[in-house]
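Novice: File follows, query_17.csv with CSV, C-alpha atoms:
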```
chain,number,residue,atom,x,y,z
Y,1075,MET,CA,48.9,8.1,18.6
Y,1076,HIS,CA,47.7,6.9,22.0
Y,1077,ILE,CA,45.3,9.9,22.3
Y,1078,LEU,CA,43.9,9.2,18.9
Y,1079,ALA,CA,43.4,5.5,19.7
Y,1080,ALA,CA,41.7,6.5,22.9
Y,1081,LYS,CA,39.3,8.8,21.1
Y,1082,ILE,CA,38.4,6.2,18.5
Y,1083,GLN,CA,37.8,3.6,21.2
Y,1084,TYR,CA,35.6,6.1,23.1
Y,1085,LEU,CA,33.6,6.9,20.0
Y,1086,LEU,CA,33.1,3.2,19.3
Y,1087,ARG,CA,31.7,2.7,22.8
Y,1088,LYS,CA,29.1,5.3,22.2
Y,1089,GLU,CA,25.8,3.6,21.2
Y,1090,ILE,CA,24.8,6.1,18.6
Y,1091,THR,CA,28.1,5.8,16.8
Y,1092,GLU,CA,27.7,2.1,16.8
Y,1093,ILE,CA,24.4,2.5,15.1
Y,1094,TYR,CA,25.9,4.7,12.4
Y,1095,LEU,CA,28.7,2.1,11.7
Y,1096,MET,CA,26.5,-0.9,11.6
Y,1097,SER,CA,23.9,0.9,9.5
Y,1098,ALA,CA,26.5,1.9,6.9
Y,1099,ILE,CA,27.8,-1.7,6.4
Y,1100,HIS,CA,24.3,-3.3,6.5
Y,1101,THR,CA,22.7,-0.8,4.2
Y,1102,PHE,CA,25.5,-1.0,1.7
Y,1103,ALA,CA,25.1,-4.8,1.6
Y,1104,GLU,CA,21.4,-4.7,1.3
Y,1105,SER,CA,21.3,-1.9,-1.2
Y,1106,MET,CA,23.5,-3.8,-3.6
Y,1107,ILE,CA,20.9,-6.6,-4.1
Y,1108,SER,CA,17.5,-5.7,-2.6
Y,1109,LEU,CA,16.5,-3.6,-5.6
Y,1110,PHE,CA,17.3,-6.6,-7.9
Y,1111,ILE,CA,15.7,-9.5,-6.0
Y,1112,PRO,CA,12.3,-9.2,-7.9
Y,1113,ILE,CA,14.2,-9.1,-11.2
Y,1114,PHE,CA,16.3,-12.1,-10.0
Y,1115,LEU,CA,13.2,-14.1,-9.4
Y,1116,LEU,CA,11.9,-13.2,-12.9
Y,1117,THR,CA,15.2,-14.5,-14.4
Y,1118,LYS,CA,14.6,-17.8,-12.6
Y,1119,GLY,CA,11.3,-18.3,-14.5
Y,1120,TYR,CA,8.9,-16.9,-12.0
Y,1121,SER,CA,6.0,-14.9,-13.3
Y,1122,LEU,CA,5.4,-11.3,-12.1
Y,1123,LEU,CA,2.4,-12.6,-10.2
Y,1124,SER,CA,4.6,-15.1,-8.4
Y,1125,VAL,CA,7.1,-12.4,-7.5
Y,1126,ILE,CA,4.2,-10.4,-6.0
Y,1127,LEU,CA,3.2,-13.5,-4.1
Y,1128,TYR,CA,6.7,-13.6,-2.6
Y,1129,GLU,CA,6.4,-10.0,-1.5
Y,1130,LEU,CA,2.9,-10.7,-0.1
Y,1131,ILE,CA,4.3,-13.6,1.9
Y,1132,HIS,CA,7.2,-11.5,3.1
Y,1133,TYR,CA,5.2,-8.6,4.4
Y,1134,SER,CA,2.4,-10.7,5.8
Y,1135,ALA,CA,5.0,-12.6,7.9
Y,1136,ALA,CA,6.5,-9.2,9.0
Y,1137,LEU,CA,3.2,-8.4,10.8
Y,1138,ILE,CA,3.6,-11.5,12.9
Y,1139,PHE,CA,7.4,-11.5,13.4
Y,1140,GLY,CA,7.6,-7.8,14.2
Y,1141,TYR,CA,5.7,-8.3,17.4
Y,1142,TYR,CA,7.9,-11.3,18.4
Y,1143,ALA,CA,11.1,-9.5,17.5
Y,1144,LEU,CA,10.1,-6.6,19.8
Y,1145,TYR,CA,9.3,-9.1,22.6
Y,1146,PHE,CA,12.6,-10.8,22.0
Y,1147,SER,CA,14.5,-7.5,22.2
Y,1148,ALA,CA,12.8,-6.7,25.5
Y,1149,LYS,CA,13.6,-10.0,27.0
Y,1150,ASN,CA,17.1,-10.7,25.6
Y,1151,GLY,CA,18.3,-7.3,24.7
Y,1152,VAL,CA,18.5,-5.1,21.6
Y,1153,LYS,CA,21.9,-6.3,20.5
Y,1154,HIS,CA,20.8,-9.9,20.7
Y,1155,SER,CA,18.0,-9.0,18.2
Y,1156,LEU,CA,20.5,-7.3,15.9
Y,1157,PHE,CA,22.9,-10.2,16.2
Y,1158,LEU,CA,20.2,-12.8,15.5
Y,1159,SER,CA,19.1,-10.9,12.3
Y,1160,ILE,CA,22.5,-11.4,10.7
Y,1161,PRO,CA,22.7,-15.3,10.5
Y,1162,ILE,CA,19.1,-15.4,9.4
Y,1163,SER,CA,19.8,-12.8,6.7
Y,1164,ILE,CA,22.9,-14.7,5.6
Y,1165,LEU,CA,20.9,-17.9,5.3
Y,1166,PHE,CA,18.3,-16.0,3.2
Y,1167,TYR,CA,20.9,-14.9,0.7
Y,1168,PHE,CA,22.6,-18.3,0.7
Y,1169,LEU,CA,19.3,-19.9,-0.2
Y,1170,LEU,CA,18.9,-17.3,-3.0
Y,1171,PHE,CA,22.4,-18.4,-4.1
Y,1172,ARG,CA,21.1,-22.0,-4.1
Y,1173,ILE,CA,17.6,-21.3,-5.3
Y,1174,ASP,CA,17.8,-24.0,-8.1
Y,1175,PHE,CA,18.4,-26.7,-5.4
Y,1176,LEU,CA,15.6,-25.2,-3.3
Y,1177,ILE,CA,13.1,-25.3,-6.2
Y,1178,GLY,CA,14.1,-28.8,-7.1
Y,1179,ALA,CA,13.7,-30.0,-3.5
Y,1180,PHE,CA,10.5,-28.1,-2.5
Y,1181,GLY,CA,8.9,-26.7,-5.7
Y,1182,ASN,CA,8.3,-23.2,-6.9
Y,1183,ILE,CA,5.6,-22.0,-4.5
Y,1184,ALA,CA,7.2,-23.6,-1.4
Y,1185,THR,CA,10.4,-21.9,-2.2
Y,1186,LEU,CA,8.7,-18.5,-2.3
Y,1187,PHE,CA,7.2,-19.2,1.2
Y,1188,ILE,CA,10.6,-20.2,2.6
Y,1189,LEU,CA,12.4,-17.2,1.1
Y,1190,GLY,CA,9.6,-14.7,2.0
Y,1191,THR,CA,9.4,-15.9,5.6
Y,1192,LEU,CA,13.2,-15.9,6.1
Y,1193,GLY,CA,13.6,-12.4,4.7
Y,1194,SER,CA,10.8,-11.2,6.9
Y,1195,ILE,CA,12.3,-12.7,10.1
Y,1196,SER,CA,15.7,-11.2,9.4
Y,1197,GLY,CA,14.2,-7.8,8.6
Y,1198,ALA,CA,12.0,-7.8,11.7
Y,1199,TYR,CA,14.8,-8.6,14.1
Y,1200,TYR,CA,17.2,-6.1,12.5
Y,1201,TRP,CA,14.7,-3.2,12.3
Y,1202,MET,CA,13.2,-3.7,15.7
Y,1203,GLY,CA,16.6,-3.7,17.2
Y,1204,PHE,CA,17.7,-0.7,15.2
Y,1205,HIS,CA,14.7,1.4,16.0
Y,1206,LEU,CA,14.8,0.6,19.7
Y,1207,GLU,CA,18.5,1.5,20.0
Y,1208,PHE,CA,18.3,4.6,18.0
Y,1209,ALA,CA,15.1,5.8,19.8
Y,1210,LYS,CA,16.8,5.2,23.1
Y,1211,PHE,CA,20.2,6.7,22.5
Y,1212,SER,CA,19.5,9.6,20.1
Y,1213,GLU,CA,19.2,13.0,21.8
Y,1214,ALA,CA,15.9,14.8,21.6
Y,1215,LYS,CA,17.4,18.2,21.1
Y,1216,THR,CA,19.5,17.0,18.1
Y,1217,GLU,CA,17.0,14.4,16.8
Y,1218,SER,CA,16.7,15.9,13.3
Y,1219,ARG,CA,20.5,16.1,12.9
Y,1220,GLN,CA,21.0,12.6,14.1
Y,1221,VAL,CA,18.2,11.3,11.8
Y,1222,GLY,CA,19.9,13.3,9.0
Y,1223,LEU,CA,23.3,11.7,9.8
Y,1224,VAL,CA,21.8,8.2,9.7
Y,1225,ASN,CA,20.2,9.2,6.4
Y,1226,ILE,CA,23.4,10.6,5.0
Y,1227,ILE,CA,25.4,7.5,5.9
Y,1228,SER,CA,22.7,5.1,4.6
Y,1229,THR,CA,22.0,7.1,1.5
Y,1230,THR,CA,25.7,7.6,0.6
Y,1231,VAL,CA,26.3,3.8,0.6
Y,1232,SER,CA,22.8,3.3,-1.0
Y,1233,ALA,CA,24.0,5.6,-3.8
Y,1234,LEU,CA,26.9,3.3,-4.5
Y,1235,GLY,CA,25.1,0.0,-3.7
Y,1236,PRO,CA,22.7,-0.3,-6.7
Y,1237,LEU,CA,25.5,0.8,-9.1
Y,1238,PHE,CA,28.0,-1.7,-7.7
Y,1239,GLY,CA,25.3,-4.3,-7.6
Y,1240,ALA,CA,24.3,-3.7,-11.2
Y,1241,LEU,CA,27.9,-3.9,-12.4
Y,1242,ILE,CA,28.6,-7.1,-10.5
Y,1243,ILE,CA,25.4,-8.7,-11.7
Y,1244,THR,CA,26.0,-7.8,-15.3
Y,1245,SER,CA,29.7,-8.8,-15.3
Y,1246,SER,CA,29.7,-11.8,-13.0
Y,1247,GLY,CA,26.1,-12.8,-12.4
Y,1248,PHE,CA,23.8,-12.9,-9.4
Y,1249,ASP,CA,25.7,-15.8,-7.6
Y,1250,ILE,CA,28.8,-13.6,-7.1
Y,1251,MET,CA,26.6,-10.8,-5.9
Y,1252,PHE,CA,25.1,-13.0,-3.2
Y,1253,ILE,CA,28.5,-14.1,-2.0
Y,1254,VAL,CA,29.6,-10.4,-1.7
Y,1255,VAL,CA,26.5,-9.5,0.3
Y,1256,ILE,CA,26.9,-12.5,2.6
Y,1257,PHE,CA,30.6,-11.4,3.3
Y,1258,LEU,CA,29.5,-7.8,4.1
Y,1259,LEU,CA,26.7,-8.9,6.4
Y,1260,PHE,CA,29.0,-11.2,8.3
Y,1261,PHE,CA,31.2,-8.2,9.2
Y,1262,SER,CA,28.3,-5.7,9.8
Y,1263,VAL,CA,27.9,-6.9,13.4
Y,1264,THR,CA,31.4,-5.8,14.4
Y,1265,PRO,CA,30.4,-2.4,15.9
Y,1266,LEU,CA,28.0,-4.1,18.3
Y,1267,PHE,CA,30.9,-5.5,20.3
Y,1268,PHE,CA,31.9,-2.0,21.6
Y,1269,SER,CA,29.0,-1.2,23.9
Y,1270,LYS,CA,26.8,-2.8,26.5
Y,1271,GLU,CA,23.5,-4.6,26.0
Y,1272,TYR,CA,20.3,-2.6,26.4
Y,1273,HIS,CA,16.8,-3.9,27.3
Y,1274,GLU,CA,13.6,-2.0,26.5
Y,1275,PRO,CA,10.5,-2.8,28.6
Y,1276,PHE,CA,7.7,-4.2,26.5
Y,1277,GLN,CA,4.1,-4.3,27.8
Y,1278,ILE,CA,1.6,-3.7,25.0
Y,1279,ASN,CA,-2.0,-4.7,24.5
Y,1280,ILE,CA,-2.4,-5.2,20.7
Y,1281,LYS,CA,-6.2,-5.5,20.9
Y,1282,GLY,CA,-6.7,-1.8,20.5
Y,1283,PHE,CA,-4.3,-1.3,17.6
Y,1284,LEU,CA,-7.0,-1.4,14.9
Y,1285,SER,CA,-9.5,0.8,16.7
Y,1286,SER,CA,-10.9,3.8,14.7
Y,1287,LYS,CA,-8.9,6.2,17.0
Y,1288,GLU,CA,-5.6,4.3,16.4
Y,1289,MET,CA,-6.3,4.0,12.7
Y,1290,LYS,CA,-6.6,7.8,12.4
Y,1291,ILE,CA,-3.4,8.4,14.4
Y,1292,ASN,CA,-1.4,5.8,12.5
Y,1293,ALA,CA,-2.7,6.5,9.0
Y,1294,PRO,CA,0.6,8.2,8.1
Y,1295,TYR,CA,2.4,4.9,8.6
Y,1296,LEU,CA,-0.2,3.2,6.3
Y,1297,GLY,CA,0.6,5.8,3.6
Y,1298,GLU,CA,4.3,5.1,4.2
Y,1299,GLY,CA,3.9,1.4,3.5
Y,1300,ILE,CA,1.9,2.0,0.3
Y,1301,ARG,CA,4.4,4.5,-1.0
Y,1302,ASP,CA,7.3,2.2,0.0
Y,1303,ILE,CA,6.1,-0.7,-2.3
Y,1304,ALA,CA,5.2,1.7,-5.1
Y,1305,ALA,CA,8.7,3.3,-5.2
Y,1306,ALA,CA,10.9,0.5,-4.1
Y,1307,ILE,CA,9.4,-2.5,-6.0
Y,1308,PHE,CA,6.9,-1.4,-8.6
Y,1309,TRP,CA,8.9,1.5,-10.0
Y,1310,PRO,CA,12.1,-0.6,-10.7
Y,1311,LEU,CA,10.0,-3.4,-12.2
Y,1312,LEU,CA,8.3,-0.9,-14.5
Y,1313,MET,CA,11.7,0.3,-15.7
Y,1314,TYR,CA,12.8,-3.3,-16.2
Y,1315,PHE,CA,9.6,-4.1,-18.2
Y,1316,THR,CA,10.1,-1.0,-20.4
Y,1317,LEU,CA,13.5,-2.5,-21.4
Y,1318,ILE,CA,15.8,-0.2,-19.3
Y,1319,SER,CA,19.0,-2.2,-18.6
Y,1320,LEU,CA,20.2,-3.1,-15.1
Y,1321,ASP,CA,23.3,-0.8,-15.6
Y,1322,ASN,CA,21.0,2.1,-16.3
Y,1323,ILE,CA,18.7,1.4,-13.4
Y,1324,GLY,CA,21.7,1.3,-11.1
Y,1325,GLY,CA,23.0,4.5,-12.6
Y,1326,ILE,CA,19.7,6.3,-12.2
Y,1327,TYR,CA,19.6,5.3,-8.5
Y,1328,ALA,CA,23.2,6.3,-8.0
Y,1329,ILE,CA,22.7,9.8,-9.4
Y,1330,ALA,CA,19.4,10.4,-7.5
Y,1331,ASN,CA,20.8,9.1,-4.2
Y,1332,ALA,CA,23.9,11.3,-4.6
Y,1333,LEU,CA,21.7,14.4,-4.8
Y,1334,LEU,CA,19.7,13.0,-1.8
Y,1335,VAL,CA,22.9,12.8,0.3
Y,1336,ILE,CA,23.7,16.5,-0.5
Y,1337,PHE,CA,20.2,17.7,0.2
Y,1338,THR,CA,19.9,15.6,3.4
Y,1339,PHE,CA,23.1,17.1,4.7
Y,1340,TYR,CA,21.7,20.6,4.1
Y,1341,LEU,CA,18.2,19.9,5.4
Y,1342,SER,CA,19.2,18.2,8.6
Y,1343,LYS,CA,20.8,21.4,9.7
Y,1344,LYS,CA,17.8,23.5,8.9
Y,1345,ILE,CA,15.0,21.4,10.4
Y,1346,SER,CA,13.6,22.5,13.8
Y,1347,ASP,CA,10.5,21.8,16.0
Y,1348,ILE,CA,9.1,25.0,14.5
Y,1349,ASN,CA,9.3,24.1,10.8
Y,1350,LYS,CA,9.4,20.3,10.7
Y,1351,HIS,CA,5.7,19.9,10.0
Y,1352,SER,CA,5.6,22.5,7.2
Y,1353,ILE,CA,8.6,20.9,5.6
Y,1354,LEU,CA,7.0,17.5,5.8
Y,1355,ARG,CA,3.8,18.7,4.2
Y,1356,ALA,CA,5.7,20.5,1.3
Y,1357,GLY,CA,7.9,17.5,0.8
Y,1358,ALA,CA,4.9,15.1,0.7
Y,1359,TYR,CA,3.2,17.2,-2.0
Y,1360,PHE,CA,6.3,17.6,-4.1
Y,1361,HIS,CA,7.3,13.9,-3.8
Y,1362,SER,CA,3.9,12.7,-4.7
Y,1363,ILE,CA,4.0,14.7,-8.0
Y,1364,THR,CA,7.5,13.3,-8.9
Y,1365,LEU,CA,6.5,9.7,-8.1
Y,1366,GLY,CA,3.4,10.0,-10.2
Y,1367,LEU,CA,5.2,11.6,-13.1
Y,1368,ARG,CA,7.7,8.8,-13.5
Y,1369,VAL,CA,5.2,6.4,-15.0
Y,1370,PHE,CA,4.8,8.6,-18.1
Y,1371,LEU,CA,8.5,8.9,-18.9
Y,1372,LYS,CA,10.4,6.8,-21.4
Y,1373,THR,CA,13.9,8.2,-21.8
Y,1374,PHE,CA,16.9,7.7,-19.5
Y,1375,PHE,CA,17.5,11.5,-19.2
Y,1376,LEU,CA,14.0,12.4,-18.2
Y,1377,ILE,CA,13.7,9.5,-15.8
Y,1378,THR,CA,17.0,10.5,-14.1
Y,1379,VAL,CA,15.9,14.1,-13.8
Y,1380,ILE,CA,12.5,13.4,-12.3
Y,1381,GLN,CA,13.8,10.6,-10.0
Y,1382,SER,CA,16.5,13.1,-8.8
Y,1383,LEU,CA,13.8,15.6,-8.0
Y,1384,GLY,CA,12.0,12.8,-6.2
Y,1385,ALA,CA,15.1,12.1,-4.1
Y,1386,ILE,CA,15.4,15.7,-3.1
Y,1387,SER,CA,11.7,15.8,-2.1
Y,1388,TRP,CA,12.0,12.5,-0.3
Y,1389,ALA,CA,14.6,14.1,2.0
Y,1390,MET,CA,11.9,16.7,2.8
Y,1391,VAL,CA,9.6,13.9,3.8
Y,1392,ASP,CA,11.8,11.4,5.4
Y,1393,ILE,CA,13.9,13.6,7.8
Y,1394,PRO,CA,11.0,15.4,9.5
Y,1395,PHE,CA,8.8,12.2,9.4
Y,1396,ARG,CA,11.4,10.1,11.2
Y,1397,THR,CA,12.3,13.0,13.5
Y,1398,ILE,CA,8.7,13.2,14.7
Y,1399,PHE,CA,8.5,9.4,14.9
Y,1400,TYR,CA,11.6,9.0,17.1
Y,1401,THR,CA,10.5,12.0,19.3
Y,1402,ASN,CA,7.1,10.4,19.7
Y,1403,THR,CA,8.7,7.1,20.9
Y,1404,LYS,CA,10.4,9.1,23.7
Y,1405,ASN,CA,7.1,10.9,24.6
Y,1406,SER,CA,4.7,8.0,24.4
Y,1407,GLY,CA,6.6,4.7,24.9
Y,1408,ILE,CA,9.4,3.4,22.6
Y,1409,GLY,CA,8.0,-0.1,22.2
Y,1410,LYS,CA,4.3,1.0,21.6
Y,1411,ILE,CA,5.1,3.6,19.0
Y,1412,ILE,CA,7.5,1.3,17.1
Y,1413,LEU,CA,5.0,-1.5,17.0
Y,1414,ASN,CA,2.3,0.9,15.9
Y,1415,ARG,CA,4.4,1.9,13.0
Y,1416,GLU,CA,5.4,-1.6,12.0
Y,1417,ILE,CA,1.8,-2.9,12.0
Y,1418,TYR,CA,0.4,0.0,9.9
Y,1419,LEU,CA,3.4,0.0,7.7
Y,1420,GLY,CA,2.8,-3.7,7.0
Y,1421,ILE,CA,-0.9,-3.2,6.4
Y,1422,GLY,CA,-0.2,-0.4,3.9
Y,1423,ARG,CA,2.2,-2.7,2.0
Y,1424,LEU,CA,-0.3,-5.5,1.9
Y,1425,ILE,CA,-3.1,-3.2,0.6
Y,1426,ILE,CA,-1.1,-2.1,-2.4
Y,1427,LEU,CA,0.2,-5.6,-3.1
Y,1428,VAL,CA,-3.4,-7.0,-3.1
Y,1429,LEU,CA,-4.5,-4.1,-5.3
Y,1430,PHE,CA,-1.7,-4.9,-7.8
Y,1431,ILE,CA,-2.8,-8.5,-7.9
Y,1432,ILE,CA,-6.4,-7.4,-8.8
Y,1433,LEU,CA,-5.1,-5.0,-11.4
Y,1434,ILE,CA,-2.7,-7.4,-13.1
Y,1435,LEU,CA,-5.5,-10.1,-13.4
Y,1436,SER,CA,-7.8,-7.5,-14.9
Y,1437,PHE,CA,-5.7,-5.2,-17.0
Y,1438,GLY,CA,-2.2,-6.7,-17.5
Y,1439,VAL,CA,1.3,-6.0,-16.2
Y,1440,GLU,CA,2.1,-2.4,-17.4
Y,1441,THR,CA,-1.3,-1.0,-16.5
Y,1442,ALA,CA,-1.1,-2.6,-13.1
Y,1443,LEU,CA,2.3,-1.2,-12.4
Y,1444,ILE,CA,1.4,2.3,-13.5
Y,1445,VAL,CA,-1.9,2.4,-11.5
Y,1446,SER,CA,-0.2,1.0,-8.4
Y,1447,ILE,CA,2.6,3.6,-8.6
Y,1448,ILE,CA,0.1,6.4,-9.0
Y,1449,PHE,CA,-1.8,5.0,-6.0
Y,1450,GLY,CA,1.5,5.1,-4.0
Y,1451,ALA,CA,2.0,8.7,-5.1
Y,1452,ILE,CA,-1.4,9.7,-3.7
Y,1453,ALA,CA,-0.8,7.7,-0.5
Y,1454,THR,CA,2.3,9.8,0.1
Y,1455,PHE,CA,0.0,12.6,1.2
Y,1456,LEU,CA,-1.0,10.6,4.3
Y,1457,MET,CA,2.6,10.8,5.6
Y,1458,SER,CA,2.2,14.6,5.9
Y,1459,GLN,CA,-0.5,14.1,8.6
Y,1460,LEU,CA,2.0,12.6,11.2
Y,1461,SER,CA,1.4,14.6,14.3
Y,1462,SER,CA,3.7,15.1,17.3
Y,1463,ILE,CA,2.8,13.6,20.6
Y,1464,PRO,CA,3.5,16.0,23.5
Y,1465,SER,CA,5.8,14.9,26.3
Y,1466,LYS,CA,4.4,14.6,29.9
Y,1467,GLU,CA,6.3,17.8,30.7
Y,1468,GLU,CA,4.6,19.6,27.9
Y,1469,GLU,CA,1.2,18.2,28.8
Y,1470,ASN,CA,1.6,19.3,32.4
Y,1471,ALA,CA,3.0,22.7,31.6
Y,1472,PRO,CA,0.8,25.7,32.5
Y,1473,LYS,CA,-1.2,27.0,29.5
Y,1474,ASN,CA,-1.2,30.7,28.6
Y,1475,ILE,CA,-4.7,32.2,28.6
```
Using structure tokens, write down the structure from this file.
Specialist:
Amino acid sequence: MHILAAKIQYLLRKEITEIYLMSAIHTFAESMISLFIPIFLLTKGYSLLSVILYELIHYSAALIFGYYALYFSAKNGVKHSLFLSIPISILFYFLLFRIDFLIGAFGNIATLFILGTLGSISGAYYWMGFHLEFAKFSEAKTESRQVGLVNIISTTVSALGPLFGALIITSSGFDIMFIVVIFLLFFSVTPLFFSKEYHEPFQINIKGFLSSKEMKINAPYLGEGIRDIAAAIFWPLLMYFTLISLDNIGGIYAIANALLVIFTFYLSKKISDINKHSILRAGAYFHSITLGLRVFLKTFFLITVIQSLGAISWAMVDIPFRTIFYTNTKNSGIGKIILNREIYLGIGRLIILVLFIILILSFGVETALIVSIIFGAIATFLMSQLSSIPSKEEENAPKNI
């Protein structure tokens, strides 16, 4: 028993294990509700245009707070950034729980600004801390397996999250759901107590971030942001507006994510430096097709089948994409590459949100959702262009002639 306890204590001291544990709890909490926040706002009388305004505020603020979160992590430590994200996130969900009071006190639009900004701050401090710690403590030789393990953990709990969330919302309402999420987030920081603080140097000149050279290099992150909004926000909204129940939406995601877990486990063992780019290209092509096809489907069965195929193809995109990303942070500066991604990811999200606003004002809700999702499907191709940055050892190695 003493030996087992010692082994557990040793594992909990390992930073990479700490990331797995915190990611599991945090992802489960977020996955239970994040899918349904736009729908929640609709049930509170907000128009779809107002919901998109909320998302626009959220991701516009993320461009600003991402930089300051990275600076905060460098100065105060990565764990301080992760710790700070939790009370802000709890406050965000508490205000959603008390949204009627918030609307009464500040009005509809001001409430969207308050919620959008708070959600953005909590996300910025959590993800900057997460990326910095994972990039630092993951091992280059096993990067794809470690990325795969993070994906397996997050996807396993994500498979259950929407299903549990939908069941709680339909049986007990959104208020109980917010209380459950707050409770889980409170305990998600526990693994951080088992290892030392870590500081990542941060010296970046942001003036050159939007140069033509940087835009070409970082275009894959732009595509990632566009695809993210199309798949994570517009697709669930389209299902909701085509009268698919919350139970069925949760069930569709649970089935698709279950297959994603299985395929992620398999693929993480097969990916290598030799095949990661070819797998990424094939996955981007396949996923683009599955995302575009969804908008033409009307039955629960067909939607489940195509979304499940989309989940499998997403593993082919996400694992090599994130493997290349984390390897590049080691080869070209952790802070620089992470901030690059966050800026272009945010710009991509804003592009598709602005496009949607133009479309909904011109053509109506359903057409705007369909066109935006297809645009996201096309943008997925950009992700296949992510290139590996050679390490200094590789650059200085003698070339064969």
Novice: Determine the nearest neighbour of Y:Lys1350 from the options Y:Val1445, Y:Ile1425, Y:Leu1460, Y:Ile1291, counting only C-alpha atoms.
Specialist: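 Looking at the shortest contact to Y:Lys1350, the residue is Y:Leu1460.
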Novice: To one decimal place in Å, what is the distance between atom CA of Y:Val1152 and atom CA of Y:Phe1257?
Specialist: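 These two atoms are separated by 22.8 Å.
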Novice: Please compute the atom CA of Y:Gly1197-atom CA of Y:Phe1139 distance, one decimal, in Å.
Specialist: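 Going from atom CA of Y:Gly1197 over to atom CA of Y:Phe1139 covers 9.1 Å.
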Novice: Could you please determine the separation between atom CA of Y:Met1251 and atom CA of Y:Ile1107 in Å, to one decimal place?
Specialist: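 Going from atom CA of Y:Met1251 over to atom CA of Y:Ile1107 covers 7.3 Å.
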Novice: Have a look at Y:Lys1153, Y:Arg1415, Y:His1132, Y:Lys1270 and name the one nearest to Y:Ser1196; count only C-alpha atoms.
Specialist: Y:His1132
Novice: Which residues, protein or nucleic acid, reach to within 12 Å of (12.7, -18.3, -12.0) in the file's coordinates when using all atoms listed in the file, and can you give that as a ChimeraX atom specification?
Specialist: /Y:1111-1125,1170,1173-1174,1176-1178,1181-1183,1185-1186
Novice: Would you please work out which residue, of Y:Ser1097, Y:Ser1461, Y:Thr1378, Y:Thr1397, is nearest to Y:Val1231 when using all atoms listed in the file?
Specialist: Y:Ser1097
Novice: Any idea what's packed within 8 Å of Y:Trp1388, counting all atoms listed in the file, ignoring anything in its chain fewer than 4 positions away? Could you give it as a list in words?
Specialist: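 Selected residues are Leu1334, Gly1357, Ala1358, His1361, Gly1384 and Asp1392 of chain Y.
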Novice: Quick one: residues within 12 Å of Y:Glu1104, only C-alpha atoms counted, chain neighbours fewer than 3 positions away excluded, as an MDAnalysis selection string?
Specialist: chainID Y and resid 1097:1101 1107:1111 1160 1163:1164 1166:1167 1193 1196:1197 1228:1229 1231:1236 1238:1239 1251:1252 1254:1259 1262
Novice: Calculated over all atoms listed in the file, which of the candidates Y:Asp1347, Y:Asp1249, Y:Glu1207, Y:Glu1092 has the smallest distance to Y:Ser1462?
Specialist: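 Of Y:Asp1347, Y:Asp1249, Y:Glu1207, Y:Glu1092, the one nearest Y:Ser1462, counting all atoms listed in the file, is Y:Asp1347.
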Novice: Compare Y:Tyr1295, Y:Trp1309, Y:Tyr1133, Y:Phe1102 by their minimum atom-to-atom distance to Y:Leu1367, counting all atoms listed in the file, and give me the closest one.
Specialist: Y:Trp1309
Novice: Which one is closest to Y:Leu1169: Y:Ile1126, Y:Ala1328, Y:Ile1253, Y:Leu1376? Count only C-alpha atoms.
Specialist: Y:Ile1253
Novice: Report as a compact mmCIF listing (two decimals) with C-alpha atoms, in the coordinates of the input all protein, DNA and RNA residues lying within 12 Å of Y:Ile1363, evaluated on only C-alpha atoms, omitting residues in the same chain fewer than 5 positions from it.
Specialist:
```
# COMPACT_ATOMS: atom_id res chain seq x y z
CA ALA Y 1356 5.70 20.50 1.30
CA GLY Y 1357 7.90 17.50 0.80
CA ALA Y 1358 4.90 15.10 0.70
CA ARG Y 1368 7.70 8.80 -13.50
CA VAL Y 1369 5.20 6.40 -15.00
CA PHE Y 1370 4.80 8.60 -18.10
CA ILE Y 1380 12.50 13.40 -12.30
CA GLN Y 1381 13.80 10.60 -10.00
CA LEU Y 1383 13.80 15.60 -8.00
CA GLY Y 1384 12.00 12.80 -6.20
CA SER Y 1387 11.70 15.80 -2.10
CA TRP Y 1388 12.00 12.50 -0.30
CA ILE Y 1447 2.60 3.60 -8.60
CA ILE Y 1448 0.10 6.40 -9.00
CA PHE Y 1449 -1.80 5.00 -6.00
CA GLY Y 1450 1.50 5.10 -4.00
CA ALA Y 1451 2.00 8.70 -5.10
CA ILE Y 1452 -1.40 9.70 -3.70
CA ALA Y 1453 -0.80 7.70 -0.50
CA THR Y 1454 2.30 9.80 0.10
CA PHE Y 1455 0.00 12.60 1.20
```
Novice: List the neighbours of stretch 1134-1138 of chain Y out to 8 Å using all atoms listed in the file; skip same-chain residues closer than 5 positions along the sequence, and give me the result as a ChimeraX atom specification.
Specialist: /Y:1190-1191,1194-1195,1197-1198,1416-1417,1420-1421,1424
Novice: Would you export the selected residues with C-alpha atoms as a short mmCIF file (atom, residue, chain, number, x, y, z; two decimals), in the frame of the given file, please?
Specialist:
```cif
data_model
loop_
_atom_site.label_atom_id
_atom_site.label_comp_id
_atom_site.auth_asym_id
_atom_site.auth_seq_id
_atom_site.Cartn_x
_atom_site.Cartn_y
_atom_site.Cartn_z
CA GLY Y 1190 9.60 -14.70 2.00
CA THR Y 1191 9.40 -15.90 5.60
CA SER Y 1194 10.80 -11.20 6.90
CA ILE Y 1195 12.30 -12.70 10.10
CA GLY Y 1197 14.20 -7.80 8.60
CA ALA Y 1198 12.00 -7.80 11.70
CA GLU Y 1416 5.40 -1.60 12.00
CA ILE Y 1417 1.80 -2.90 12.00
CA GLY Y 1420 2.80 -3.70 7.00
CA ILE Y 1421 -0.90 -3.20 6.40
CA LEU Y 1424 -0.30 -5.50 1.90
#
```
